[in-house]
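Shown next: protein.cif, given as mmCIF, N, CA and C atoms and all ligand atoms.
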```cif
data_final
loop_
_atom_site.label_atom_id
_atom_site.label_comp_id
_atom_site.auth_asym_id
_atom_site.auth_seq_id
_atom_site.Cartn_x
_atom_site.Cartn_y
_atom_site.Cartn_z
N MET A 275 -45.93 282.48 -21.65
CA MET A 275 -44.57 282.12 -22.06
C MET A 275 -43.55 282.70 -21.10
N GLY A 276 -42.72 281.87 -20.56
CA GLY A 276 -41.71 282.36 -19.63
C GLY A 276 -40.49 282.87 -20.36
N SER A 277 -39.63 283.49 -19.62
CA SER A 277 -38.39 283.96 -20.23
C SER A 277 -37.52 282.76 -20.57
N LEU A 278 -36.78 282.90 -21.66
CA LEU A 278 -35.85 281.85 -22.03
C LEU A 278 -34.61 281.86 -21.15
N ASN A 279 -34.41 282.94 -20.46
CA ASN A 279 -33.20 283.07 -19.66
C ASN A 279 -33.56 283.05 -18.19
N THR A 280 -33.28 281.94 -17.55
CA THR A 280 -33.55 281.87 -16.13
C THR A 280 -32.25 281.94 -15.34
N GLU A 281 -31.17 282.07 -16.07
CA GLU A 281 -29.86 282.18 -15.43
C GLU A 281 -29.33 283.59 -15.65
N PRO A 282 -28.54 284.07 -14.70
CA PRO A 282 -27.90 285.37 -14.95
C PRO A 282 -26.91 285.23 -16.11
N LEU A 283 -26.62 286.35 -16.75
CA LEU A 283 -25.62 286.35 -17.82
C LEU A 283 -24.24 286.07 -17.26
N LEU A 284 -23.97 286.67 -16.13
CA LEU A 284 -22.68 286.49 -15.49
C LEU A 284 -22.71 287.09 -14.09
N SER A 285 -21.72 286.71 -13.33
CA SER A 285 -21.54 287.31 -12.02
C SER A 285 -20.69 288.57 -12.20
N LEU A 286 -21.03 289.59 -11.47
CA LEU A 286 -20.28 290.84 -11.57
C LEU A 286 -18.81 290.65 -11.18
N ASP A 287 -18.54 289.64 -10.38
CA ASP A 287 -17.16 289.37 -9.94
C ASP A 287 -16.20 289.14 -11.09
N VAL A 288 -16.71 288.57 -12.19
CA VAL A 288 -15.81 288.22 -13.28
C VAL A 288 -15.65 289.35 -14.27
N LEU A 289 -16.31 290.47 -14.01
CA LEU A 289 -16.25 291.61 -14.93
C LEU A 289 -15.58 292.78 -14.23
N ALA A 290 -14.28 292.92 -14.49
CA ALA A 290 -13.53 293.99 -13.84
C ALA A 290 -14.03 295.35 -14.32
N ASP A 291 -13.87 296.34 -13.48
CA ASP A 291 -14.27 297.70 -13.85
C ASP A 291 -13.52 298.11 -15.13
N GLY A 292 -14.26 298.56 -16.11
CA GLY A 292 -13.66 298.99 -17.38
C GLY A 292 -13.55 297.89 -18.42
N ALA A 293 -13.79 296.66 -18.01
CA ALA A 293 -13.57 295.53 -18.92
C ALA A 293 -14.73 295.34 -19.89
N VAL A 294 -14.41 294.62 -20.96
CA VAL A 294 -15.40 294.22 -21.96
C VAL A 294 -15.29 292.70 -22.10
N ILE A 295 -16.39 292.00 -21.97
CA ILE A 295 -16.35 290.56 -22.18
C ILE A 295 -17.50 290.14 -23.08
N GLU A 296 -17.41 288.90 -23.54
CA GLU A 296 -18.44 288.35 -24.41
C GLU A 296 -19.21 287.29 -23.64
N VAL A 297 -20.53 287.33 -23.76
CA VAL A 297 -21.34 286.26 -23.21
C VAL A 297 -22.38 285.88 -24.26
N GLU A 298 -22.90 284.69 -24.14
CA GLU A 298 -23.95 284.27 -25.06
C GLU A 298 -25.26 284.23 -24.30
N ALA A 299 -26.32 284.65 -24.97
CA ALA A 299 -27.64 284.65 -24.34
C ALA A 299 -28.69 284.45 -25.40
N ARG A 300 -29.79 283.86 -25.00
CA ARG A 300 -30.93 283.78 -25.91
C ARG A 300 -31.78 285.02 -25.69
N LEU A 301 -32.04 285.74 -26.74
CA LEU A 301 -32.86 286.93 -26.62
C LEU A 301 -34.29 286.57 -26.98
N ASP A 302 -34.66 286.61 -28.24
CA ASP A 302 -36.02 286.27 -28.62
C ASP A 302 -36.11 284.89 -29.26
N GLY A 303 -35.09 284.57 -30.02
CA GLY A 303 -35.17 283.35 -30.82
C GLY A 303 -34.63 282.14 -30.10
N GLU A 304 -34.44 281.10 -30.85
CA GLU A 304 -33.95 279.85 -30.32
C GLU A 304 -32.45 279.90 -30.08
N ASP A 305 -31.78 280.61 -30.98
CA ASP A 305 -30.33 280.54 -30.98
C ASP A 305 -29.73 281.52 -29.99
N ALA A 306 -28.64 281.08 -29.40
CA ALA A 306 -27.91 281.98 -28.52
C ALA A 306 -27.24 283.04 -29.37
N GLU A 307 -27.25 284.26 -28.88
CA GLU A 307 -26.57 285.35 -29.57
C GLU A 307 -25.41 285.82 -28.72
N SER A 308 -24.42 286.30 -29.41
CA SER A 308 -23.23 286.78 -28.72
C SER A 308 -23.45 288.24 -28.33
N LEU A 309 -23.15 288.55 -27.08
CA LEU A 309 -23.28 289.91 -26.58
C LEU A 309 -21.93 290.43 -26.10
N VAL A 310 -21.77 291.73 -26.20
CA VAL A 310 -20.63 292.43 -25.62
C VAL A 310 -21.12 293.06 -24.33
N VAL A 311 -20.45 292.78 -23.24
CA VAL A 311 -20.87 293.34 -21.95
C VAL A 311 -19.73 294.17 -21.39
N HIS A 312 -20.06 295.37 -20.96
CA HIS A 312 -19.05 296.32 -20.47
C HIS A 312 -19.48 296.83 -19.10
N ARG A 313 -18.51 296.89 -18.22
CA ARG A 313 -18.77 297.44 -16.89
C ARG A 313 -18.03 298.75 -16.71
N GLN A 314 -18.74 299.73 -16.19
CA GLN A 314 -18.11 301.00 -15.81
C GLN A 314 -18.59 301.31 -14.40
N GLY A 315 -17.74 301.02 -13.43
CA GLY A 315 -18.15 301.20 -12.03
C GLY A 315 -19.31 300.26 -11.72
N ALA A 316 -20.41 300.85 -11.22
CA ALA A 316 -21.57 300.03 -10.87
C ALA A 316 -22.49 299.82 -12.07
N SER A 317 -22.15 300.45 -13.18
CA SER A 317 -23.03 300.41 -14.33
C SER A 317 -22.57 299.34 -15.33
N VAL A 318 -23.51 298.57 -15.84
CA VAL A 318 -23.19 297.53 -16.82
C VAL A 318 -24.05 297.76 -18.06
N ARG A 319 -23.41 297.69 -19.22
CA ARG A 319 -24.13 297.86 -20.48
C ARG A 319 -23.84 296.68 -21.38
N ALA A 320 -24.77 296.42 -22.28
CA ALA A 320 -24.57 295.30 -23.21
C ALA A 320 -25.09 295.68 -24.60
N TRP A 321 -24.44 295.09 -25.59
CA TRP A 321 -24.84 295.27 -26.98
C TRP A 321 -24.69 293.94 -27.70
N LEU A 322 -25.37 293.82 -28.83
CA LEU A 322 -25.11 292.66 -29.67
C LEU A 322 -23.68 292.74 -30.19
N ASN A 323 -23.04 291.60 -30.26
CA ASN A 323 -21.66 291.53 -30.75
C ASN A 323 -21.69 291.48 -32.29
N VAL A 324 -22.28 292.53 -32.86
CA VAL A 324 -22.45 292.62 -34.31
C VAL A 324 -22.10 294.05 -34.71
N CYS A 325 -21.15 294.18 -35.58
CA CYS A 325 -20.74 295.51 -36.01
C CYS A 325 -21.74 296.07 -37.02
N PRO A 326 -22.16 297.33 -36.86
CA PRO A 326 -23.11 297.90 -37.81
C PRO A 326 -22.51 298.13 -39.20
N HIS A 327 -21.20 298.03 -39.34
CA HIS A 327 -20.60 298.25 -40.66
C HIS A 327 -20.94 297.10 -41.60
N ALA A 328 -20.43 295.91 -41.34
CA ALA A 328 -20.65 294.79 -42.26
C ALA A 328 -21.19 293.58 -41.53
N GLY A 329 -21.67 293.78 -40.33
CA GLY A 329 -22.34 292.70 -39.63
C GLY A 329 -21.42 291.64 -39.04
N ARG A 330 -20.14 291.94 -39.00
CA ARG A 330 -19.19 290.95 -38.45
C ARG A 330 -19.17 291.05 -36.93
N ARG A 331 -18.63 290.01 -36.31
CA ARG A 331 -18.39 290.07 -34.87
C ARG A 331 -17.32 291.13 -34.60
N LEU A 332 -17.39 291.71 -33.42
CA LEU A 332 -16.42 292.75 -33.07
C LEU A 332 -15.10 292.17 -32.58
N ASP A 333 -15.17 290.97 -31.98
CA ASP A 333 -13.96 290.38 -31.39
C ASP A 333 -13.16 289.60 -32.45
N TRP A 334 -11.86 289.52 -32.26
CA TRP A 334 -11.02 288.81 -33.22
C TRP A 334 -10.96 287.32 -32.96
N ALA A 335 -11.25 286.93 -31.74
CA ALA A 335 -11.47 285.54 -31.35
C ALA A 335 -12.52 285.64 -30.25
N PRO A 336 -13.24 284.56 -30.00
CA PRO A 336 -14.34 284.70 -29.03
C PRO A 336 -13.89 285.34 -27.72
N GLY A 337 -14.47 286.49 -27.41
CA GLY A 337 -14.17 287.18 -26.16
C GLY A 337 -12.92 288.02 -26.17
N GLN A 338 -12.23 288.07 -27.32
CA GLN A 338 -10.98 288.85 -27.39
C GLN A 338 -11.27 290.12 -28.19
N PHE A 339 -11.36 291.23 -27.47
CA PHE A 339 -11.72 292.50 -28.09
C PHE A 339 -10.52 293.43 -28.15
N LEU A 340 -10.46 294.18 -29.23
CA LEU A 340 -9.43 295.21 -29.34
C LEU A 340 -9.95 296.47 -28.67
N ARG A 341 -9.04 297.16 -27.96
CA ARG A 341 -9.39 298.44 -27.34
C ARG A 341 -8.35 299.46 -27.77
N SER A 342 -8.82 300.66 -27.98
CA SER A 342 -7.88 301.73 -28.31
C SER A 342 -7.25 302.24 -27.01
N ARG A 343 -6.24 303.06 -27.15
CA ARG A 343 -5.60 303.63 -25.97
C ARG A 343 -6.60 304.46 -25.15
N GLU A 344 -7.57 305.02 -25.85
CA GLU A 344 -8.60 305.84 -25.17
C GLU A 344 -9.71 304.98 -24.57
N GLY A 345 -9.63 303.67 -24.76
CA GLY A 345 -10.65 302.80 -24.18
C GLY A 345 -11.80 302.49 -25.11
N LEU A 346 -11.71 302.97 -26.36
CA LEU A 346 -12.76 302.64 -27.32
C LEU A 346 -12.70 301.16 -27.66
N LEU A 347 -13.84 300.61 -28.02
CA LEU A 347 -13.91 299.24 -28.51
C LEU A 347 -13.70 299.29 -30.02
N VAL A 348 -12.75 298.52 -30.52
CA VAL A 348 -12.38 298.60 -31.93
C VAL A 348 -12.78 297.29 -32.61
N CYS A 349 -13.58 297.40 -33.66
CA CYS A 349 -14.00 296.20 -34.40
C CYS A 349 -12.77 295.58 -35.06
N ALA A 350 -12.65 294.26 -34.88
CA ALA A 350 -11.47 293.57 -35.40
C ALA A 350 -11.49 293.46 -36.92
N ALA A 351 -12.66 293.65 -37.54
CA ALA A 351 -12.74 293.44 -38.99
C ALA A 351 -12.14 294.60 -39.76
N HIS A 352 -12.66 295.80 -39.54
CA HIS A 352 -12.16 296.95 -40.33
C HIS A 352 -11.90 298.17 -39.46
N GLY A 353 -11.86 298.00 -38.16
CA GLY A 353 -11.37 299.07 -37.30
C GLY A 353 -12.37 300.13 -36.85
N ALA A 354 -13.66 299.91 -37.04
CA ALA A 354 -14.62 300.89 -36.51
C ALA A 354 -14.43 300.98 -34.99
N SER A 355 -14.52 302.21 -34.46
CA SER A 355 -14.28 302.42 -33.02
C SER A 355 -15.55 302.91 -32.35
N PHE A 356 -15.85 302.29 -31.22
CA PHE A 356 -17.11 302.57 -30.52
C PHE A 356 -16.83 303.05 -29.10
N GLU A 357 -17.57 304.12 -28.73
CA GLU A 357 -17.50 304.51 -27.32
C GLU A 357 -18.44 303.59 -26.53
N LEU A 358 -18.14 303.41 -25.26
CA LEU A 358 -18.83 302.39 -24.48
C LEU A 358 -19.83 302.96 -23.48
N GLU A 359 -20.30 304.18 -23.79
CA GLU A 359 -21.44 304.72 -23.02
C GLU A 359 -22.72 304.36 -23.76
N GLY A 360 -22.77 304.77 -25.01
CA GLY A 360 -23.98 304.54 -25.80
C GLY A 360 -23.76 303.60 -26.97
N GLY A 361 -22.52 303.12 -27.15
CA GLY A 361 -22.24 302.22 -28.26
C GLY A 361 -22.16 302.91 -29.61
N GLN A 362 -21.92 304.22 -29.61
CA GLN A 362 -21.85 304.95 -30.87
C GLN A 362 -20.51 304.73 -31.55
N CYS A 363 -20.56 304.58 -32.86
CA CYS A 363 -19.33 304.50 -33.63
C CYS A 363 -18.81 305.92 -33.82
N VAL A 364 -17.60 306.17 -33.33
CA VAL A 364 -17.05 307.52 -33.37
C VAL A 364 -15.94 307.66 -34.41
N ALA A 365 -15.50 306.55 -34.98
CA ALA A 365 -14.48 306.62 -36.02
C ALA A 365 -14.53 305.33 -36.83
N GLY A 366 -14.17 305.44 -38.10
CA GLY A 366 -14.15 304.24 -38.94
C GLY A 366 -15.30 304.21 -39.93
N PRO A 367 -15.47 303.07 -40.58
CA PRO A 367 -16.37 303.02 -41.73
C PRO A 367 -17.85 303.16 -41.42
N CYS A 368 -18.27 303.01 -40.15
CA CYS A 368 -19.69 303.18 -39.86
C CYS A 368 -19.91 304.31 -38.86
N ARG A 369 -19.01 305.29 -38.92
CA ARG A 369 -19.11 306.45 -38.03
C ARG A 369 -20.53 307.02 -38.06
N GLY A 370 -21.10 307.24 -36.87
CA GLY A 370 -22.46 307.77 -36.78
C GLY A 370 -23.49 306.68 -36.52
N ASP A 371 -23.15 305.43 -36.84
CA ASP A 371 -24.04 304.32 -36.49
C ASP A 371 -23.78 303.92 -35.04
N ALA A 372 -24.54 302.96 -34.57
CA ALA A 372 -24.36 302.52 -33.19
C ALA A 372 -24.57 301.02 -33.08
N LEU A 373 -23.96 300.46 -32.08
CA LEU A 373 -24.22 299.06 -31.73
C LEU A 373 -25.66 298.94 -31.25
N ARG A 374 -26.21 297.75 -31.38
CA ARG A 374 -27.59 297.55 -30.93
C ARG A 374 -27.58 297.18 -29.46
N ALA A 375 -28.18 298.04 -28.66
CA ALA A 375 -28.16 297.84 -27.20
C ALA A 375 -29.07 296.69 -26.79
N VAL A 376 -28.65 296.00 -25.76
CA VAL A 376 -29.44 294.95 -25.13
C VAL A 376 -29.62 295.37 -23.67
N ALA A 377 -30.84 295.47 -23.22
CA ALA A 377 -31.09 295.95 -21.86
C ALA A 377 -30.71 294.90 -20.83
N VAL A 378 -29.89 295.31 -19.89
CA VAL A 378 -29.48 294.42 -18.81
C VAL A 378 -29.65 295.13 -17.47
N GLU A 379 -29.68 294.36 -16.42
CA GLU A 379 -29.76 294.96 -15.10
C GLU A 379 -28.87 294.16 -14.14
N VAL A 380 -28.45 294.85 -13.10
CA VAL A 380 -27.61 294.20 -12.09
C VAL A 380 -28.47 293.99 -10.86
N ARG A 381 -28.48 292.75 -10.41
CA ARG A 381 -29.20 292.47 -9.17
C ARG A 381 -28.42 291.42 -8.37
N ASP A 382 -28.25 291.68 -7.10
CA ASP A 382 -27.55 290.75 -6.20
C ASP A 382 -26.19 290.34 -6.74
N GLY A 383 -25.46 291.32 -7.31
CA GLY A 383 -24.11 291.03 -7.77
C GLY A 383 -24.04 290.22 -9.04
N ARG A 384 -25.16 290.11 -9.73
CA ARG A 384 -25.17 289.38 -11.00
C ARG A 384 -25.84 290.23 -12.07
N VAL A 385 -25.47 289.93 -13.30
CA VAL A 385 -26.01 290.68 -14.44
C VAL A 385 -27.05 289.82 -15.14
N TRP A 386 -28.20 290.39 -15.38
CA TRP A 386 -29.32 289.68 -16.01
C TRP A 386 -29.78 290.46 -17.22
N LEU A 387 -30.37 289.72 -18.17
CA LEU A 387 -31.14 290.43 -19.18
C LEU A 387 -32.27 291.14 -18.46
N ALA A 388 -32.60 292.34 -18.89
CA ALA A 388 -33.64 293.11 -18.22
C ALA A 388 -34.93 292.30 -18.17
N GLY A 389 -35.50 292.24 -17.00
CA GLY A 389 -36.77 291.54 -16.84
C GLY A 389 -36.66 290.06 -16.53
N SER A 390 -35.43 289.52 -16.55
CA SER A 390 -35.30 288.08 -16.32
C SER A 390 -34.81 287.74 -14.91
N ALA A 391 -34.46 288.76 -14.13
CA ALA A 391 -34.01 288.47 -12.77
C ALA A 391 -35.21 288.05 -11.93
N PRO A 392 -35.01 287.08 -11.06
CA PRO A 392 -36.12 286.70 -10.19
C PRO A 392 -36.54 287.87 -9.31
N ALA A 393 -37.79 287.93 -8.99
CA ALA A 393 -38.28 289.02 -8.13
C ALA A 393 -37.56 288.97 -6.80
N ALA A 394 -37.27 290.15 -6.27
CA ALA A 394 -36.59 290.21 -4.98
C ALA A 394 -37.49 289.60 -3.92
N GLY A 395 -36.91 288.79 -3.05
CA GLY A 395 -37.72 288.10 -2.07
C GLY A 395 -37.70 288.77 -0.74
S1 LIG A 401 -17.46 294.93 -39.81
FE1 LIG A 401 -16.74 296.18 -38.18
S2 LIG A 401 -15.59 297.71 -39.13
FE2 LIG A 401 -16.31 296.48 -40.77
#
```
Output the file's structure as structure tokens, nothing else.
Amino acid sequence: MGSLNTEPLLSLDVLADGAVIEVEARLDGEDAESLVVHRQGASVRAWLNVCPHAGRRLDWAPGQFLRSREGLLVCAAHGASFELEGGQCVAGPCRGDALRAVAVEVRDGRVWLAGSAPAAG
């Protein structure tokens, strides 16, 4: 069985340093899932766009995320705040929980689900 994802999630060019964006990807199942992707310098992290509090999307409209002055990601539903290193909830109704991480890797200026990038030639 091959990977369902033969395309990169996105080009690094469209993800400014410090930014958070939403992309859709197929992980295991048939349906595309919404992911939150964050870039910090050369490092890119991704999580499911699902809040551990009540399972709602984190964005208030597709791809529109609230950020605190400190750079935390704030769930649009009830205000849970997440740090963007490990996806831990540091304030709000699910404090102590964490976003579900999705492994990604950067190769040739593009972001891929881990294991789905073509082998380097
Ligand atoms: S669903 Fe995110 S804070 Fe309630």
Shell of 7 Å around A:Ala290, all atoms listed in the file, local chain residues under 5 positions omitted, as JSON, numbers by chain: {"A": [313, 314, 315]}
What are the closest atom pairs, with distances in Å to one decimal, for all residues of stretch 285-333 of chain A lying within 7 Å of stretch 342-352 of chain A? Consider only N, CA and C atoms, order rows by chain and residue number, and present the result as a tab-separated table.
```
residue	atom	partner	partner_atom	distance
A:Cys325	CA	A:Cys349	CA	7.0
A:Arg330	CA	A:Ala351	CA	6.9
A:Arg331	C	A:Ala350	N	5.6
A:Leu332	C	A:Ala350	N	4.0
A:Asp333	N	A:Ala350	N	5.1
```
Please dump the current selection as a PDB file, in the coordinates of the input; keep N, CA and C atoms.
```pdb
ATOM      1  N   CYS A 325     -21.150 294.180 -35.580  1.00  0.00           N
ATOM      2  CA  CYS A 325     -20.740 295.510 -36.010  1.00  0.00           C
ATOM      3  C   CYS A 325     -21.740 296.070 -37.020  1.00  0.00           C
ATOM      4  N   ARG A 330     -20.140 291.940 -39.000  1.00  0.00           N
ATOM      5  CA  ARG A 330     -19.190 290.950 -38.450  1.00  0.00           C
ATOM      6  C   ARG A 330     -19.170 291.050 -36.930  1.00  0.00           C
ATOM      7  N   ARG A 331     -18.630 290.010 -36.310  1.00  0.00           N
ATOM      8  CA  ARG A 331     -18.390 290.070 -34.870  1.00  0.00           C
ATOM      9  C   ARG A 331     -17.320 291.130 -34.600  1.00  0.00           C
ATOM     10  N   LEU A 332     -17.390 291.710 -33.420  1.00  0.00           N
ATOM     11  CA  LEU A 332     -16.420 292.750 -33.070  1.00  0.00           C
ATOM     12  C   LEU A 332     -15.100 292.170 -32.580  1.00  0.00           C
ATOM     13  N   ASP A 333     -15.170 290.970 -31.980  1.00  0.00           N
ATOM     14  CA  ASP A 333     -13.960 290.380 -31.390  1.00  0.00           C
ATOM     15  C   ASP A 333     -13.160 289.600 -32.450  1.00  0.00           C
TER      16      ASP A 333
END
```
Based on the backbone DSSP call, show me all residues of chain A assigned strand (DSSP E or B), as JSON, numbers by chain. {"A": [284, 285, 294, 295, 296, 297, 298, 299, 300, 306, 307, 308, 309, 310, 311, 312, 313, 314, 317, 318, 319, 320, 321, 322, 335, 338, 340, 341, 347, 348, 355, 356, 362, 363, 364, 365, 372, 375, 376, 378, 379, 380, 381, 384, 385, 386, 387]}
Considering all atoms listed in the file, return as a PyMOL selection string whatever protein or nucleic-acid residues lie within 5 Å of A:Gly366, sequence-local ones (same chain, fewer than 2 positions apart) excluded. chain A and resi 353-355+364+368-369
Axis-aligned box for all listed atoms of ligand LIG 401 (chain A), 4 Å per side, centre and edges in Å to one decimal, as AutoDock Vina command-line options:
```
--center_x -16.5 --center_y 296.3 --center_z -39.5 --size_x 9.9 --size_y 10.8 --size_z 10.6
```
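Between atom C of A:Val288 and atom C of A:Leu373 the interatomic distance comes to 21.9 Å.
Atom N of A:Ala372 to atom N of A:Ala328 spans 10.6 Å [interatomic distance, one decimal].
In terms of minimum interatomic distance to A:Leu309, A:Pro336 ranks closest within A:Pro336, A:Pro326, A:Gly389, A:Pro367, counting only C-alpha atoms.
Across the model, the gap from atom CA of A:Arg300 to atom CA of A:Leu340 is 24.6 Å.
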